[in-house]
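Raw model-v6.cif, mmCIF, C-alpha atoms:
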```
data_data
loop_
_atom_site.label_atom_id
_atom_site.label_comp_id
_atom_site.auth_asym_id
_atom_site.auth_seq_id
_atom_site.Cartn_x
_atom_site.Cartn_y
_atom_site.Cartn_z
CA MET V 1 209.70 58.75 72.90
CA LYS V 2 206.64 59.87 74.86
CA ALA V 3 207.00 63.41 73.51
CA PHE V 4 207.14 62.05 69.96
CA GLN V 5 203.92 60.05 70.53
CA ILE V 6 202.16 63.15 71.87
CA LEU V 7 203.31 65.08 68.80
CA LEU V 8 201.81 62.42 66.50
CA VAL V 9 198.50 62.55 68.38
CA LEU V 10 198.36 66.36 68.10
CA LEU V 11 199.18 66.18 64.39
CA ALA V 12 196.41 63.64 63.81
CA MET V 13 193.92 65.84 65.68
CA ALA V 14 194.92 68.83 63.58
CA LEU V 15 194.41 66.92 60.34
CA MET V 16 191.08 65.39 61.38
CA PRO V 17 188.77 68.34 60.41
CA ALA V 18 190.35 68.55 56.95
CA CYS V 19 190.03 64.80 56.48
CA ASN V 20 186.40 64.85 57.60
CA GLN V 21 185.65 67.71 55.21
CA LYS V 22 187.31 65.85 52.33
CA LYS V 23 185.26 62.78 53.23
CA ALA V 24 182.04 64.84 53.26
CA ASP V 25 182.96 66.48 49.95
CA SER V 26 183.75 63.09 48.46
CA GLN V 27 180.41 61.66 49.63
CA ALA V 28 178.58 64.63 48.07
CA GLU V 29 180.48 64.22 44.81
CA ASN V 30 179.75 60.50 44.69
CA ARG V 31 176.06 60.80 45.56
CA GLU V 32 173.78 60.52 42.58
CA VAL V 33 171.45 63.40 41.79
CA THR V 34 167.93 62.03 42.09
CA GLN V 35 164.85 62.98 40.12
CA GLU V 36 163.57 64.64 43.28
CA ASP V 37 166.74 66.78 43.39
CA ASN V 38 166.27 67.78 39.75
CA ASP V 39 162.59 68.59 40.25
CA LEU V 40 163.36 70.88 43.19
CA LEU V 41 166.11 72.62 41.24
CA GLU V 42 163.80 73.21 38.29
CA GLN V 43 161.13 74.66 40.57
CA ALA V 44 163.73 76.98 42.05
CA ARG V 45 165.04 78.05 38.65
CA ALA V 46 161.50 78.94 37.56
CA LEU V 47 161.21 81.44 40.42
CA PHE V 48 164.73 82.63 41.22
CA SER V 49 167.81 83.80 39.32
CA PRO V 50 171.50 83.95 40.23
CA LEU V 51 172.98 87.34 41.03
CA PRO V 52 174.42 89.08 37.96
CA ASP V 53 178.11 89.98 37.84
CA LEU V 54 177.32 93.67 37.65
CA ALA V 55 174.54 96.01 38.78
CA ASP V 56 175.02 98.54 36.02
CA ASN V 57 173.23 101.80 35.18
CA ALA V 58 173.40 103.30 31.70
CA ASP V 59 173.07 106.76 33.24
CA ASN V 60 175.98 106.19 35.60
CA VAL V 61 178.67 104.18 33.83
CA LEU V 62 180.96 102.47 36.34
CA THR V 63 184.65 103.36 36.36
CA GLN V 64 187.29 102.51 38.92
CA GLN V 65 187.85 106.20 39.65
CA LYS V 66 184.16 106.78 40.28
CA ILE V 67 183.93 103.73 42.54
CA GLU V 68 187.00 104.83 44.53
CA LEU V 69 185.53 108.30 45.05
CA GLY V 70 182.20 106.75 46.08
CA LYS V 71 183.92 104.51 48.59
CA LYS V 72 185.72 107.46 50.21
CA LEU V 73 182.49 109.45 50.40
CA TYR V 74 180.62 106.44 51.82
CA TYR V 75 182.95 106.25 54.82
CA ASP V 76 183.44 110.02 55.31
CA LYS V 77 181.71 111.59 58.33
CA ARG V 78 182.19 115.01 56.78
CA LEU V 79 179.05 114.23 54.79
CA SER V 80 177.10 114.92 57.99
CA LYS V 81 176.63 118.42 59.42
CA ASP V 82 178.51 117.94 62.70
CA GLU V 83 180.68 115.14 61.26
CA ASN V 84 179.31 112.47 63.59
CA VAL V 85 178.00 109.90 61.10
CA SER V 86 178.76 108.56 57.64
CA CYS V 87 176.77 106.37 55.25
CA ASN V 88 178.55 103.43 56.85
CA SER V 89 177.30 104.36 60.32
CA CYS V 90 173.80 103.11 59.51
CA HIS V 91 174.83 100.74 56.71
CA ASP V 92 177.93 99.16 58.21
CA LEU V 93 179.58 96.92 55.65
CA GLU V 94 181.30 94.95 58.43
CA LYS V 95 177.75 94.06 59.59
CA TYR V 96 176.33 93.17 56.19
CA GLY V 97 175.24 96.71 55.40
CA VAL V 98 173.14 97.37 58.51
CA ASP V 99 173.73 98.50 62.10
CA ASN V 100 171.54 95.81 63.73
CA LEU V 101 169.47 98.51 65.46
CA PRO V 102 165.68 98.90 65.15
CA THR V 103 166.16 102.48 63.95
CA SER V 104 169.39 104.39 63.48
CA PRO V 105 170.73 107.49 65.26
CA GLY V 106 171.57 110.43 63.03
CA ASP V 107 174.13 113.22 63.27
CA GLU V 108 172.57 114.70 66.42
CA GLY V 109 171.61 111.34 67.97
CA GLU V 110 167.94 111.51 66.98
CA THR V 111 166.59 108.24 65.59
CA GLY V 112 164.48 107.80 62.49
CA ASP V 113 161.14 106.00 62.37
CA ARG V 114 162.09 103.19 59.96
CA ASN V 115 164.73 100.50 60.00
CA SER V 116 167.85 101.09 57.90
CA PRO V 117 167.83 98.33 55.24
CA THR V 118 171.01 96.76 53.97
CA VAL V 119 172.87 98.37 51.06
CA LEU V 120 174.13 94.97 49.90
CA ASN V 121 172.56 94.12 46.52
CA ALA V 122 170.37 97.21 46.91
CA ALA V 123 171.28 98.44 43.43
CA LEU V 124 169.18 95.57 42.04
CA HIS V 125 165.99 96.61 43.88
CA PHE V 126 163.24 98.00 41.67
CA VAL V 127 163.00 101.14 43.86
CA GLN V 128 164.73 102.39 47.02
CA PHE V 129 163.50 103.06 50.58
CA TRP V 130 160.65 101.16 52.23
CA ASP V 131 158.15 103.39 50.42
CA GLY V 132 159.95 103.44 47.07
CA ARG V 133 160.40 107.21 46.95
CA ALA V 134 163.76 106.96 45.15
CA LYS V 135 164.10 105.25 41.78
CA ASP V 136 167.70 104.01 42.20
CA VAL V 137 170.73 104.03 44.50
CA GLU V 138 171.99 107.27 42.95
CA GLU V 139 168.81 109.12 43.87
CA GLN V 140 168.68 107.39 47.25
CA ALA V 141 172.25 108.46 48.09
CA GLY V 142 171.24 112.11 48.09
CA GLY V 143 168.34 111.69 50.51
CA PRO V 144 169.92 110.88 53.91
CA ILE V 145 172.62 113.56 53.49
CA LEU V 146 169.99 116.33 53.47
CA ASN V 147 167.58 114.67 55.91
CA PRO V 148 167.59 116.72 59.17
CA VAL V 149 167.16 113.59 61.30
CA GLU V 150 169.87 111.63 59.50
CA MET V 151 173.02 113.42 58.28
CA GLY V 152 171.63 116.91 58.69
CA ILE V 153 173.46 118.76 55.89
CA PRO V 154 171.39 121.97 55.46
CA SER V 155 171.73 122.25 51.68
CA GLU V 156 173.50 120.84 48.65
CA GLU V 157 175.54 124.03 48.45
CA PHE V 158 176.71 123.60 52.06
CA LEU V 159 178.16 120.16 51.33
CA ILE V 160 179.78 121.13 48.03
CA GLU V 161 181.43 124.13 49.65
CA ARG V 162 182.80 121.87 52.40
CA LEU V 163 184.13 119.25 49.99
CA SER V 164 185.56 121.88 47.62
CA GLY V 165 187.86 123.02 50.42
CA ILE V 166 189.47 119.56 50.60
CA GLU V 167 192.32 119.21 48.11
CA GLU V 168 192.05 115.43 47.93
CA TYR V 169 188.43 115.63 46.86
CA GLN V 170 189.21 118.18 44.18
CA GLN V 171 191.50 115.64 42.53
CA LEU V 172 189.24 112.63 43.12
CA TYR V 173 186.23 114.33 41.52
CA ALA V 174 188.34 115.48 38.56
CA ASP V 175 189.57 111.89 38.05
CA ALA V 176 186.10 110.38 38.44
CA PHE V 177 184.38 112.84 36.08
CA PRO V 178 187.03 113.75 33.48
CA GLY V 179 186.27 116.45 30.98
CA GLU V 180 183.67 118.17 33.16
CA GLU V 181 184.30 121.86 33.74
CA ASP V 182 182.95 121.65 37.30
CA PRO V 183 183.06 118.00 38.42
CA LEU V 184 182.56 118.63 42.15
CA THR V 185 178.77 118.79 42.25
CA TYR V 186 176.02 117.28 44.37
CA ALA V 187 174.75 115.22 41.42
CA ASN V 188 178.22 113.74 40.93
CA THR V 189 178.40 113.01 44.66
CA GLN V 190 175.25 110.94 44.29
CA LYS V 191 176.62 109.21 41.20
CA ALA V 192 179.88 108.31 42.93
CA ILE V 193 178.18 106.85 46.01
CA GLY V 194 175.76 105.03 43.74
CA ALA V 195 178.65 103.61 41.71
CA PHE V 196 180.26 102.27 44.88
CA GLU V 197 176.99 100.68 46.01
CA ARG V 198 176.66 98.98 42.63
CA ILE V 199 179.66 96.75 43.42
CA LEU V 200 178.13 95.56 46.70
CA LEU V 201 176.89 92.24 45.37
CA THR V 202 177.08 89.09 47.50
CA PRO V 203 176.73 85.80 45.60
CA SER V 204 176.16 82.82 47.87
CA ALA V 205 175.77 79.06 47.92
CA PHE V 206 172.25 79.53 46.55
CA ASP V 207 173.67 81.03 43.35
CA ARG V 208 175.89 78.00 42.85
CA TYR V 209 172.83 75.84 43.39
CA LEU V 210 170.81 77.72 40.76
CA GLU V 211 173.74 77.35 38.36
CA GLY V 212 173.46 73.57 38.66
CA ASP V 213 175.49 72.51 41.72
CA VAL V 214 172.76 70.60 43.55
CA PHE V 215 175.02 69.93 46.54
CA ALA V 216 175.91 73.58 47.06
CA LEU V 217 172.96 73.38 49.48
CA ASP V 218 173.17 70.72 52.14
CA GLU V 219 170.29 68.36 52.84
CA ASP V 220 168.73 70.60 55.51
CA GLN V 221 168.90 73.62 53.23
CA ARG V 222 167.30 71.76 50.33
CA LYS V 223 164.55 70.60 52.67
CA GLY V 224 164.13 74.24 53.75
CA LEU V 225 163.91 75.33 50.13
CA PHE V 226 161.14 72.79 49.59
CA GLU V 227 159.27 74.16 52.63
CA PHE V 228 159.80 77.74 51.41
CA LEU V 229 158.22 76.84 48.06
CA ASP V 230 155.53 74.62 49.55
CA HIS V 231 154.31 77.26 51.99
CA GLY V 232 153.98 79.87 49.25
CA CYS V 233 156.68 82.26 50.49
CA THR V 234 157.42 83.00 46.83
CA THR V 235 154.19 84.99 46.58
CA CYS V 236 156.42 87.93 47.53
CA HIS V 237 159.96 86.59 47.77
CA MET V 238 161.03 85.62 44.27
CA GLY V 239 163.43 86.77 41.57
CA VAL V 240 167.15 87.43 41.80
CA LEU V 241 166.88 89.00 45.27
CA LEU V 242 164.07 86.84 46.68
CA GLY V 243 162.22 90.12 47.14
CA GLY V 244 162.99 93.74 46.37
CA ASN V 245 160.84 93.71 43.23
CA MET V 246 157.33 94.73 44.37
CA PHE V 247 155.21 96.43 47.01
CA HIS V 248 152.98 94.29 49.19
CA LYS V 249 150.69 94.75 52.15
CA PHE V 250 152.14 93.74 55.51
CA GLY V 251 149.27 92.08 57.30
CA VAL V 252 147.19 90.37 54.61
CA TYR V 253 145.32 88.13 57.05
CA ASP V 254 145.73 90.06 60.30
CA GLU V 255 147.10 93.35 61.60
CA TYR V 256 150.88 93.06 61.69
CA TRP V 257 151.34 95.02 64.93
CA LYS V 258 149.50 92.33 66.90
CA TYR V 259 152.46 90.05 66.19
CA THR V 260 155.41 92.42 65.98
CA LYS V 261 154.35 94.40 69.08
CA SER V 262 155.13 97.55 67.10
CA GLU V 263 154.59 100.70 69.15
CA ASN V 264 154.03 102.94 66.13
CA ILE V 265 151.64 101.84 63.41
CA ASP V 266 153.20 102.81 60.08
CA GLU V 267 150.78 103.11 57.15
CA GLY V 268 153.54 102.56 54.58
CA LEU V 269 152.86 103.87 51.06
CA ALA V 270 149.62 105.50 52.15
CA ALA V 271 151.60 107.88 54.35
CA ILE V 272 153.01 109.60 51.26
CA SER V 273 150.30 108.87 48.66
CA GLY V 274 147.19 109.42 50.75
CA GLU V 275 145.62 106.44 48.98
CA PRO V 276 143.58 104.26 51.38
CA GLY V 277 144.24 101.21 49.21
CA GLN V 278 147.97 101.54 49.86
CA LYS V 279 147.71 101.34 53.64
CA PHE V 280 150.38 99.14 55.21
CA MET V 281 152.07 98.48 51.87
CA PHE V 282 155.87 98.42 51.85
CA LYS V 283 158.59 97.35 49.47
CA VAL V 284 159.13 93.64 49.94
CA PRO V 285 162.64 93.26 51.40
CA SER V 286 165.23 91.05 49.77
CA LEU V 287 166.04 87.87 51.69
CA ARG V 288 169.67 87.81 50.62
CA ASN V 289 171.89 87.92 53.73
CA VAL V 290 168.72 87.97 55.87
CA GLU V 291 170.46 85.82 58.47
CA LYS V 292 172.75 88.80 59.20
CA THR V 293 170.50 91.80 58.63
CA PHE V 294 168.38 91.74 61.78
CA PRO V 295 166.26 93.28 63.22
CA TYR V 296 163.45 92.72 60.77
CA TYR V 297 160.58 94.63 59.16
CA HIS V 298 160.20 98.32 58.38
CA ASP V 299 160.38 99.23 62.07
CA GLY V 300 163.02 96.75 63.17
CA SER V 301 160.56 95.32 65.68
CA VAL V 302 161.63 91.66 65.56
CA MET V 303 165.16 90.52 66.39
CA GLU V 304 165.00 86.76 65.75
CA LEU V 305 164.84 85.33 62.23
CA GLY V 306 162.77 82.34 63.31
CA GLU V 307 160.19 84.62 64.89
CA ALA V 308 160.08 86.73 61.72
CA VAL V 309 159.45 83.59 59.64
CA ARG V 310 156.66 82.54 62.00
CA ILE V 311 155.03 86.00 61.86
CA MET V 312 155.16 86.07 58.07
CA GLY V 313 153.48 82.68 57.95
CA LYS V 314 150.64 83.93 60.10
CA THR V 315 150.14 87.46 58.74
CA GLN V 316 150.86 86.86 55.06
CA LEU V 317 149.90 83.23 54.48
CA ASP V 318 147.43 82.50 57.30
CA GLN V 319 149.51 79.50 58.33
CA GLU V 320 150.67 78.33 61.74
CA MET V 321 154.14 76.97 61.05
CA SER V 322 155.55 74.25 63.29
CA ASP V 323 158.92 74.64 64.99
CA GLU V 324 160.34 72.09 62.55
CA GLU V 325 159.05 74.02 59.52
CA VAL V 326 160.41 77.31 60.83
CA ALA V 327 163.82 75.77 61.54
CA SER V 328 163.86 74.20 58.09
CA ILE V 329 163.10 77.49 56.32
CA GLN V 330 165.76 79.19 58.44
CA ALA V 331 168.31 76.63 57.26
CA PHE V 332 167.48 77.50 53.65
CA LEU V 333 167.67 81.24 54.31
CA LYS V 334 171.21 80.83 55.62
CA SER V 335 172.24 79.62 52.16
CA LEU V 336 171.53 83.19 50.97
CA THR V 337 174.38 84.61 53.06
CA GLY V 338 177.25 85.72 50.84
CA ASN V 339 180.48 87.64 51.41
CA VAL V 340 180.87 91.41 51.36
CA PRO V 341 183.38 92.26 48.60
CA GLU V 342 186.77 92.67 50.24
CA GLU V 343 187.58 95.79 48.19
CA ALA V 344 184.47 97.51 49.57
CA LEU V 345 185.53 97.22 53.22
CA GLN V 346 187.23 100.23 54.71
CA GLY V 347 190.63 98.61 54.88
CA GLY V 348 190.15 96.65 51.66
CA ALA V 349 192.11 97.20 48.47
#
```

Translate the structure described by the file into structure tokens.
Amino acid sequence: MKAFQILLVLLAMALMPACNQKKADSQAENREVTQEDNDLLEQARALFSPLPDLADNADNVLTQQKIELGKKLYYDKRLSKDENVSCNSCHDLEKYGVDNLPTSPGDEGETGDRNSPTVLNAALHFVQFWDGRAKDVEEQAGGPILNPVEMGIPSEEFLIERLSGIEEYQQLYADAFPGEEDPLTYANTQKAIGAFERILLTPSAFDRYLEGDVFALDEDQRKGLFEFLDHGCTTCHMGVLLGGNMFHKFGVYDEYWKYTKSENIDEGLAAISGEPGQKFMFKVPSLRNVEKTFPYYHDGSVMELGEAVRIMGKTQLDQEMSDEEVASIQAFLKSLTGNVPEEALQGGA
């Protein structure tokens, strides 16, 4: 009898979380949407957009064969000279498309001078790299492979000769680019990797909110959204990606390195353009999945999201945010965390 009573207690404990969740869901469903809720949603809809279903490119039509080839190339260390790193080494899809390091080690262990940004949703950015030197993910895909500090392949011809000696790739390229006399080319390698990256979209609770589900964000997250809007964070972080659609100076009101403790002062766009007016300008990063894509900024100098929010308030908005305000904005930013598509993961279908 005692054993039976213990079993009932254990069963009740097991069912309690599900019951509590159903109760919470029921309360949310039964709560009336207030005018304040509607006003906040309308403000958000005026500045943000849900993620599209597809990040397409008319010059690189997506096919399943092209995506499958791109996925194999993305994970293949043979795309680096000494076969030590792959695209996924710096842009690990198990870690939301980053490696959580300030700067990433390349094929020979040497690190670059800028943080590796996430590849998730990157196909929707208006340009690629922190300085915008690539127009799209297809062009971007070809850069690190030939970069001596990153993947170290000495030439396009070197890579194509290597891949041409692999029977599996001969078939995969032929399937991905049917009708082409010589499908195994460097340009097609870029197109295939780009095609794969175009499926790396991560819709989140915030998208459901923008589509009209007010309670897709909990009360703390809605309060954080209000703070985000009220503080003027949307000066830079707006649109479908909450960023990724413009260049902006880092350090509008004060020199950024005073706050980030950066050891190397990066002049951003001015480093490649030579234009004094472009000093310290960088592509504004997307805030989607920002909870997971630490460390932050072009040099990966800040590890904590709350600290990054506080620094942005000071350097970009000339505002000293309270601990409560920072925590509130952080709560909202967590609603931007989505899920990496299962089929994109190495073991995924």

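Between Asn339 (chain V) and the residues V:Glu150, V:Glu110, V:Glu94, V:Glu255, the shortest atom-to-atom distance, using all atoms listed in the file, involves V:Glu94.
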
Problem set entry | Test item: residues at most 7 Å from region 163-175 of chain V, only C-alpha atoms, excluding those fewer than 6 positions along its chain, as a list in words | Gln65, Leu69, Pro183 and Leu184 of chain V

For this session: Determine the residue set returned by the PyMOL selection byres ((chain V and resi 123) around 8) for the present structure, and present it as a PyMOL selection string.
Result: chain V and resi 55+119-122+124-125+136-137+194+197-198

Exercise. What is the distance, in Å and to one decimal place, between CA of Lys81 (chain V) and CA of Met151 (chain V)?
Worked result: 6.3 Å

Problem set entry | Contacts of Met303 (chain V) at 10 Å (all atoms listed in the file; same-chain gap of 2+ positions) as a ChimeraX atom specification | /V:100-102,260,293-297,300-301,305-308

Exercise. Given the file above and the PyMOL selection byres ((chain V and resi 247) around 12), which residues are selected, and can you give them as a PyMOL selection string?
Worked result: chain V and resi 125-133+235-237+243-246+248-250+268-270+278-286

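Evaluated on this file, the PyMOL selection byres ((chain V and resi 289) around 6) matches Arg288, Val290, Glu291, Lys292, Leu336 and Thr337 of chain V.
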
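Going from CA of Tyr74 (chain V) to CA of Asp53 (chain V) covers 21.7 Å.
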
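Counting from CA of Ser204 (chain V), the distance to CA of Leu242 (chain V) is 12.8 Å.
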
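Proximity of V:Ile199, V:Lys314, V:Lys334, V:Leu210 to Ala46 (chain V), computed with only C-alpha atoms, is greatest for V:Leu210.
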
For this session: Choose the residue, out of V:Leu229, V:Ala205, V:Leu41, V:Val214, that has the smallest atom-to-atom separation from Ser328 (chain V); count all atoms listed in the file.
Result: V:Leu229

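With all atoms listed in the file as the basis for measurement, V:Leu51 is the residue among V:Leu73, V:Leu51, V:Ala134, V:Cys233 that approaches Gly338 (chain V) most closely.
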
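Checking V:Gly274, V:Gly224, V:Gly112, V:Pro144 one by one against Val326 (chain V), counting all atoms listed in the file, you find the shortest gap at V:Gly224.
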
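Look at Asn147 (chain V): the protein and nucleic acid residues within 12 Å of it, using all atoms listed in the file and passing over chain neighbours fewer than 6 places away, are Leu79, Ser80, Lys81, Gly106, Asp107, Glu108, Glu110, Thr111, Gly112, Gln140, Ala141, Ile153, Pro154, Ser155 and Glu156 of chain V.
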
Problem set entry | Spatial neighbours of Thr185 (chain V), max dist 7 Å, all atoms listed in the file, sep filter under 3 positions, as a PyMOL selection string | chain V and resi 160+188-189

With all atoms listed in the file counted, which protein, DNA or RNA residues have an atom no more than 7 Å from (172.8, 98.1, 59.4) in the file frame? Please answer as a tab-separated table (two decimals) with C-alpha atoms, in the coordinates of the input.
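Result file follows (out_19.tsv):
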```tsv
chain	number	residue	atom	x	y	z
V	90	CYS	CA	173.80	103.11	59.51
V	91	HIS	CA	174.83	100.74	56.71
V	92	ASP	CA	177.93	99.16	58.21
V	95	LYS	CA	177.75	94.06	59.59
V	96	TYR	CA	176.33	93.17	56.19
V	97	GLY	CA	175.24	96.71	55.40
V	98	VAL	CA	173.14	97.37	58.51
V	99	ASP	CA	173.73	98.50	62.10
V	100	ASN	CA	171.54	95.81	63.73
V	101	LEU	CA	169.47	98.51	65.46
V	116	SER	CA	167.85	101.09	57.90
V	117	PRO	CA	167.83	98.33	55.24
V	118	THR	CA	171.01	96.76	53.97
V	293	THR	CA	170.50	91.80	58.63
```

Problem set entry | Leu217 (chain V) environment, 9 Å, only C-alpha atoms, sequence neighbours closer than 6 positions dropped, as a PyMOL selection string | chain V and resi 205-206+208-209+332+335

Problem set entry | Nearest to Thr63 (chain V), chosen from V:Phe177, V:Glu304, V:Ile311, V:Ala44, with all atoms listed in the file counted in the distances | V:Phe177
